[in-house]
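Asks: Just so it is clear, I am handing over my_file_38.cif, which has mmCIF, C-alpha atoms, pLDDT in the B column; chains and numbers go by the auth columns.
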data_run
loop_
_atom_site.group_PDB
_atom_site.id
_atom_site.type_symbol
_atom_site.label_atom_id
_atom_site.label_comp_id
_atom_site.label_asym_id
_atom_site.label_seq_id
_atom_site.Cartn_x
_atom_site.Cartn_y
_atom_site.Cartn_z
_atom_site.B_iso_or_equiv
_atom_site.auth_seq_id
_atom_site.auth_asym_id
ATOM 1 C CA MET A 1 -56.452 28.443 45.544 62.00 1 G
ATOM 2 C CA LYS A 2 -57.095 31.245 43.069 88.00 2 G
ATOM 3 C CA PHE A 3 -56.503 34.852 44.065 92.00 3 G
ATOM 4 C CA SER A 4 -58.442 37.599 42.334 93.00 4 G
ATOM 5 C CA SER A 5 -56.535 40.435 44.035 95.00 5 G
ATOM 6 C CA ILE A 6 -53.054 40.898 45.413 96.00 6 G
ATOM 7 C CA ILE A 7 -52.191 43.793 47.697 96.00 7 G
ATOM 8 C CA PHE A 8 -48.507 44.663 47.846 96.00 8 G
ATOM 9 C CA ASP A 9 -46.467 46.690 50.266 94.00 9 G
ATOM 10 C CA MET A 10 -43.837 48.759 48.433 93.00 10 G
ATOM 11 C CA ASP A 11 -40.659 49.451 50.358 90.00 11 G
ATOM 12 C CA GLY A 12 -38.802 46.249 51.149 90.00 12 G
ATOM 13 C CA THR A 13 -41.278 44.166 49.149 95.00 13 G
ATOM 14 C CA LEU A 14 -41.239 45.366 45.544 97.00 14 G
ATOM 15 C CA MET A 15 -38.243 47.652 45.805 96.00 15 G
ATOM 16 C CA ASP A 16 -35.148 48.423 47.784 95.00 16 G
ATOM 17 C CA SER A 17 -35.620 52.086 48.664 94.00 17 G
ATOM 18 C CA HIS A 18 -33.756 52.415 51.946 94.00 18 G
ATOM 19 C CA LYS A 19 -30.855 54.449 50.523 96.00 19 G
ATOM 20 C CA ASP A 20 -33.168 57.139 49.121 96.00 20 G
ATOM 21 C CA ILE A 21 -35.179 57.248 52.342 96.00 21 G
ATOM 22 C CA ALA A 22 -31.954 57.595 54.345 97.00 22 G
ATOM 23 C CA ALA A 23 -30.782 60.349 51.977 98.00 23 G
ATOM 24 C CA ALA A 24 -34.015 62.289 52.557 97.00 24 G
ATOM 25 C CA LEU A 25 -33.683 62.007 56.331 98.00 25 G
ATOM 26 C CA ASN A 26 -30.020 63.008 56.165 98.00 26 G
ATOM 27 C CA TYR A 27 -30.842 65.985 53.957 98.00 27 G
ATOM 28 C CA ALA A 28 -33.171 67.234 56.682 98.00 28 G
ATOM 29 C CA ARG A 29 -30.631 66.504 59.429 98.00 29 G
ATOM 30 C CA THR A 30 -27.813 68.384 57.696 98.00 30 G
ATOM 31 C CA SER A 31 -30.126 71.301 56.903 98.00 31 G
ATOM 32 C CA TYR A 32 -30.414 71.779 60.666 98.00 32 G
ATOM 33 C CA GLY A 33 -26.667 71.359 61.205 97.00 33 G
ATOM 34 C CA TYR A 34 -26.760 67.746 62.434 98.00 34 G
ATOM 35 C CA ASP A 35 -24.470 64.989 61.181 97.00 35 G
ATOM 36 C CA GLU A 36 -25.758 62.397 58.762 98.00 36 G
ATOM 37 C CA LEU A 37 -26.766 58.997 60.097 98.00 37 G
ATOM 38 C CA SER A 38 -25.404 55.865 58.469 97.00 38 G
ATOM 39 C CA THR A 39 -27.758 53.929 56.235 94.00 39 G
ATOM 40 C CA LYS A 40 -27.336 51.051 58.696 95.00 40 G
ATOM 41 C CA ASP A 41 -28.630 53.288 61.523 97.00 41 G
ATOM 42 C CA VAL A 42 -31.571 54.549 59.444 97.00 42 G
ATOM 43 C CA LEU A 43 -32.719 51.109 58.263 94.00 43 G
ATOM 44 C CA PRO A 44 -34.520 50.142 61.527 94.00 44 G
ATOM 45 C CA MET A 45 -36.405 53.469 61.417 96.00 45 G
ATOM 46 C CA ILE A 46 -38.012 52.636 58.050 93.00 46 G
ATOM 47 C CA GLY A 47 -41.379 50.950 57.629 86.00 47 G
ATOM 48 C CA ASN A 48 -43.710 52.764 59.996 87.00 48 G
ATOM 49 C CA GLY A 49 -44.236 55.946 58.028 87.00 49 G
ATOM 50 C CA VAL A 50 -42.398 59.218 57.570 92.00 50 G
ATOM 51 C CA VAL A 51 -43.407 60.742 60.922 94.00 51 G
ATOM 52 C CA HIS A 52 -41.918 57.740 62.725 95.00 52 G
ATOM 53 C CA LEU A 53 -38.784 58.000 60.577 97.00 53 G
ATOM 54 C CA VAL A 54 -38.361 61.688 61.377 98.00 54 G
ATOM 55 C CA THR A 55 -39.203 61.253 65.071 98.00 55 G
ATOM 56 C CA GLU A 56 -36.520 58.577 65.376 98.00 56 G
ATOM 57 C CA GLY A 57 -34.063 60.458 63.176 98.00 57 G
ATOM 58 C CA PHE A 58 -34.333 63.612 65.297 98.00 58 G
ATOM 59 C CA ARG A 59 -34.610 61.934 68.698 97.00 59 G
ATOM 60 C CA GLY A 60 -32.825 64.007 71.327 95.00 60 G
ATOM 61 C CA THR A 61 -33.055 67.258 69.365 97.00 61 G
ATOM 62 C CA ASN A 62 -35.428 70.197 69.744 95.00 62 G
ATOM 63 C CA ILE A 63 -36.320 70.235 66.037 97.00 63 G
ATOM 64 C CA SER A 64 -40.002 70.459 65.112 97.00 64 G
ATOM 65 C CA ILE A 65 -41.034 67.020 63.838 98.00 65 G
ATOM 66 C CA GLU A 66 -43.667 68.622 61.620 97.00 66 G
ATOM 67 C CA GLU A 67 -41.137 70.973 60.002 98.00 67 G
ATOM 68 C CA ALA A 68 -38.496 68.252 59.601 98.00 68 G
ATOM 69 C CA THR A 69 -41.113 65.899 58.121 96.00 69 G
ATOM 70 C CA ALA A 70 -41.963 68.547 55.516 96.00 70 G
ATOM 71 C CA ARG A 71 -38.263 68.788 54.594 97.00 71 G
ATOM 72 C CA VAL A 72 -37.926 65.020 54.290 97.00 72 G
ATOM 73 C CA LYS A 73 -41.059 64.775 52.124 94.00 73 G
ATOM 74 C CA ASP A 74 -39.952 67.670 49.924 95.00 74 G
ATOM 75 C CA TYR A 75 -36.499 66.194 49.342 96.00 75 G
ATOM 76 C CA TYR A 76 -37.814 62.675 48.803 94.00 76 G
ATOM 77 C CA GLY A 77 -40.534 63.941 46.464 91.00 77 G
ATOM 78 C CA GLN A 78 -37.850 65.488 44.259 93.00 78 G
ATOM 79 C CA ASN A 79 -35.427 62.536 44.568 93.00 79 G
ATOM 80 C CA PRO A 80 -37.492 59.364 44.979 90.00 80 G
ATOM 81 C CA CYS A 81 -35.438 56.989 42.873 93.00 81 G
ATOM 82 C CA ILE A 82 -31.792 57.932 42.758 96.00 82 G
ATOM 83 C CA HIS A 83 -30.762 54.626 44.353 96.00 83 G
ATOM 84 C CA THR A 84 -34.129 52.836 44.537 96.00 84 G
ATOM 85 C CA LYS A 85 -34.306 49.683 42.472 96.00 85 G
ATOM 86 C CA LEU A 86 -36.933 47.040 41.930 97.00 86 G
ATOM 87 C CA TYR A 87 -36.027 43.672 43.335 97.00 87 G
ATOM 88 C CA PRO A 88 -35.137 41.069 40.679 97.00 88 G
ATOM 89 C CA GLN A 89 -38.061 39.768 38.619 97.00 89 G
ATOM 90 C CA VAL A 90 -40.619 42.176 40.147 98.00 90 G
ATOM 91 C CA LYS A 91 -41.641 43.798 36.861 97.00 91 G
ATOM 92 C CA GLU A 92 -41.874 40.427 35.100 97.00 92 G
ATOM 93 C CA THR A 93 -43.955 39.010 37.957 97.00 93 G
ATOM 94 C CA LEU A 94 -46.338 41.995 37.923 98.00 94 G
ATOM 95 C CA HIS A 95 -46.724 41.568 34.162 97.00 95 G
ATOM 96 C CA GLN A 96 -47.556 37.866 34.549 97.00 96 G
ATOM 97 C CA LEU A 97 -50.059 38.527 37.342 96.00 97 G
ATOM 98 C CA LYS A 98 -51.805 41.202 35.315 96.00 98 G
ATOM 99 C CA ALA A 99 -51.949 38.825 32.330 96.00 99 G
ATOM 100 C CA LEU A 100 -53.781 36.397 34.637 95.00 100 G
ATOM 101 C CA HIS A 101 -56.362 39.150 35.277 94.00 101 G
ATOM 102 C CA ILE A 102 -55.439 39.489 38.927 96.00 102 G
ATOM 103 C CA ASP A 103 -56.141 42.950 40.330 96.00 103 G
ATOM 104 C CA LEU A 104 -52.993 44.458 41.831 97.00 104 G
ATOM 105 C CA HIS A 105 -53.003 47.137 44.520 97.00 105 G
ATOM 106 C CA ILE A 106 -50.544 48.925 46.806 96.00 106 G
ATOM 107 C CA VAL A 107 -50.939 49.584 50.537 95.00 107 G
ATOM 108 C CA SER A 108 -47.951 51.426 51.918 92.00 108 G
ATOM 109 C CA ASN A 109 -47.073 53.565 54.906 88.00 109 G
ATOM 110 C CA LYS A 110 -45.292 55.885 52.444 87.00 110 G
ATOM 111 C CA PRO A 111 -47.216 59.186 52.151 84.00 111 G
ATOM 112 C CA SER A 112 -49.778 58.977 49.349 86.00 112 G
ATOM 113 C CA GLU A 113 -48.385 62.068 47.615 83.00 113 G
ATOM 114 C CA LEU A 114 -45.153 60.126 47.009 87.00 114 G
ATOM 115 C CA LEU A 115 -46.549 56.737 45.940 90.00 115 G
ATOM 116 C CA ALA A 116 -47.465 57.506 42.348 89.00 116 G
ATOM 117 C CA GLY A 117 -44.191 59.298 41.643 88.00 117 G
ATOM 118 C CA VAL A 118 -42.082 56.377 42.840 93.00 118 G
ATOM 119 C CA LEU A 119 -44.140 53.836 40.884 94.00 119 G
ATOM 120 C CA LYS A 120 -43.952 56.015 37.764 92.00 120 G
ATOM 121 C CA ALA A 121 -40.182 56.516 38.123 92.00 121 G
ATOM 122 C CA LEU A 122 -39.775 52.732 38.301 95.00 122 G
ATOM 123 C CA ASN A 123 -42.149 52.283 35.344 95.00 123 G
ATOM 124 C CA ILE A 124 -44.590 50.005 37.191 97.00 124 G
ATOM 125 C CA ASP A 125 -47.433 52.472 37.833 96.00 125 G
ATOM 126 C CA SER A 126 -49.692 50.973 35.160 96.00 126 G
ATOM 127 C CA TYR A 127 -49.909 47.626 36.970 97.00 127 G
ATOM 128 C CA PHE A 128 -51.875 48.867 39.985 97.00 128 G
ATOM 129 C CA LYS A 129 -55.584 49.612 40.238 96.00 129 G
ATOM 130 C CA MET A 130 -55.590 51.251 43.664 96.00 130 G
ATOM 131 C CA LEU A 131 -52.917 52.934 45.774 96.00 131 G
ATOM 132 C CA ILE A 132 -53.364 53.611 49.480 95.00 132 G
ATOM 133 C CA GLY A 133 -50.706 55.578 51.297 92.00 133 G
ATOM 134 C CA GLY A 134 -49.977 56.005 54.960 87.00 134 G
ATOM 135 C CA ASP A 135 -52.030 59.177 55.185 87.00 135 G
ATOM 136 C CA ASP A 136 -55.094 58.028 53.228 92.00 136 G
ATOM 137 C CA MET A 137 -56.804 56.256 56.120 91.00 137 G
ATOM 138 C CA PRO A 138 -57.304 57.154 59.777 91.00 138 G
ATOM 139 C CA LYS A 139 -55.337 54.009 60.683 89.00 139 G
ATOM 140 C CA ARG A 140 -52.243 52.815 58.805 84.00 140 G
ATOM 141 C CA LYS A 141 -51.301 49.260 57.949 84.00 141 G
ATOM 142 C CA PRO A 142 -51.223 46.714 59.411 82.00 142 G
ATOM 143 C CA HIS A 143 -54.738 47.813 60.440 87.00 143 G
ATOM 144 C CA PRO A 144 -57.213 46.152 58.006 88.00 144 G
ATOM 145 C CA MET A 145 -58.898 49.466 57.139 92.00 145 G
ATOM 146 C CA SER A 146 -56.867 49.790 53.911 92.00 146 G
ATOM 147 C CA VAL A 147 -57.793 46.290 52.785 89.00 147 G
ATOM 148 C CA ASP A 148 -61.444 47.063 53.527 91.00 148 G
ATOM 149 C CA ALA A 149 -61.199 50.195 51.357 94.00 149 G
ATOM 150 C CA ILE A 150 -59.804 48.179 48.456 93.00 150 G
ATOM 151 C CA LEU A 151 -62.533 45.553 48.830 91.00 151 G
ATOM 152 C CA ALA A 152 -65.170 48.292 48.817 92.00 152 G
ATOM 153 C CA GLU A 153 -63.852 49.587 45.464 90.00 153 G
ATOM 154 C CA HIS A 154 -62.964 46.207 43.936 87.00 154 G
ATOM 155 C CA PRO A 155 -65.325 43.672 45.520 83.00 155 G
ATOM 156 C CA CYS A 156 -64.193 40.092 45.930 85.00 156 G
ATOM 157 C CA LYS A 157 -64.153 37.529 48.704 86.00 157 G
ATOM 158 C CA ARG A 158 -61.547 38.061 51.429 86.00 158 G
ATOM 159 C CA GLU A 159 -60.216 34.561 50.892 89.00 159 G
ATOM 160 C CA GLU A 160 -59.394 35.571 47.289 92.00 160 G
ATOM 161 C CA VAL A 161 -57.086 38.402 48.427 92.00 161 G
ATOM 162 C CA LEU A 162 -53.388 37.900 49.057 93.00 162 G
ATOM 163 C CA MET A 163 -51.377 40.491 50.998 93.00 163 G
ATOM 164 C CA VAL A 164 -47.651 40.519 50.213 94.00 164 G
ATOM 165 C CA GLY A 165 -45.238 42.425 52.434 89.00 165 G
ATOM 166 C CA ASP A 166 -41.965 42.298 54.290 81.00 166 G
ATOM 167 C CA MET A 167 -43.169 43.071 57.817 73.00 167 G
#
The structure in this file should be written as structure tokens.

Replies:
Amino acid sequence: MKFSSIIFDMDGTLMDSHKDIAAALNYARTSYGYDELSTKDVLPMIGNGVVHLVTEGFRGTNISIEEATARVKDYYGQNPCIHTKLYPQVKETLHQLKALHIDLHIVSNKPSELLAGVLKALNIDSYFKMLIGGDDMPKRKPHPMSVDAILAEHPCKREEVLMVGDM
């Protein structure tokens, strides 16, 4: 079967970013006087978007989730790739797929304002035609709305699209 488009998740699929995400959450926690959480404790909170991360990370406190989310986003936006690394062979694979004229896209629950910066910091931003973040659609992945948006911009048959993710 030939695929004309591949849609990738980011975190946990193309890159290991959990340490930087944990650092952003812990920055917000310590700014309110709370202890840091271990990376091991933060890991299960990752993958369903920043609001979920913050809600879980501040469970049992009276901290405003909206305010804490802003702190996490601000910190992460300034420090997206201190520890984040591409998984082995990701860049080479993206290069080979692009050489095969396969359209590459990203659908992530990471806020859209942070997507481009992370991809640029990892020097893989030029491989992707379309980026959809967790706040770009009324419903986040795994809802098919993001895939539908990509197909509307880059028409092809659904059976020619491969979705690659870790969850």

Asks: Please report the interatomic distance between atom CA of Ala22 of chain G and atom CA of Leu94 of chain G in Å with one decimal.

Replies: 26.8 Å

Asks: Could you state which residues are captured by the PyMOL selection byres ((chain G and resi 11-16) around 9) in this file, as a list of chain:residue names?

Replies: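 Taken over the shown coordinates, the PyMOL selection byres ((chain G and resi 11-16) around 9) returns G:Phe8, G:Asp9, G:Met10, G:Ser17, G:His18, G:Lys19, G:Ile46, G:Gly47, G:His83, G:Thr84, G:Lys85, G:Leu86, G:Tyr87, G:Pro88, G:Val90, G:Lys91, G:Ser108, G:Asn109, G:Lys110, G:Val164, G:Gly165, G:Asp166, G:Met167.
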
Asks: Could you list, as a ChimeraX atom specification, every residue within 8 Å of Leu25 of chain G, counting all atoms listed in the file and ignoring same-chain residues fewer than 5 positions away?

Replies: /G:53-54,57,72

Asks: How many Å lie between atom CA of Gly134 of chain G and atom CA of Val107 of chain G, rounded to one decimal?

Replies: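 Taking atom CA of Gly134 of chain G as the start and atom CA of Val107 of chain G as the end point, the length is 7.9 Å.
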
Asks: Quick one: everything within 10 Å of Gln78 of chain G, counting only C-alpha atoms, minus sequence neighbours fewer than 6 positions away in the same chain. Send it as a tab-separated table (two decimals) with C-alpha atoms, in the frame of the given file.

Replies:
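Result file is part-v2.tsv:
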chain	number	residue	atom	x	y	z
G	24	ALA	CA	-34.02	62.29	52.56
G	114	LEU	CA	-45.15	60.13	47.01
G	117	GLY	CA	-44.19	59.30	41.64

Asks: Give the answer as one residue: which of G:Asp103, G:Glu36, G:Asp136, G:Asp74 has the shortest atom-to-atom distance to Glu160 of chain G, using all atoms listed in the file?

Replies: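 For Glu160 of chain G, the nearest of the given residues is G:Asp103.
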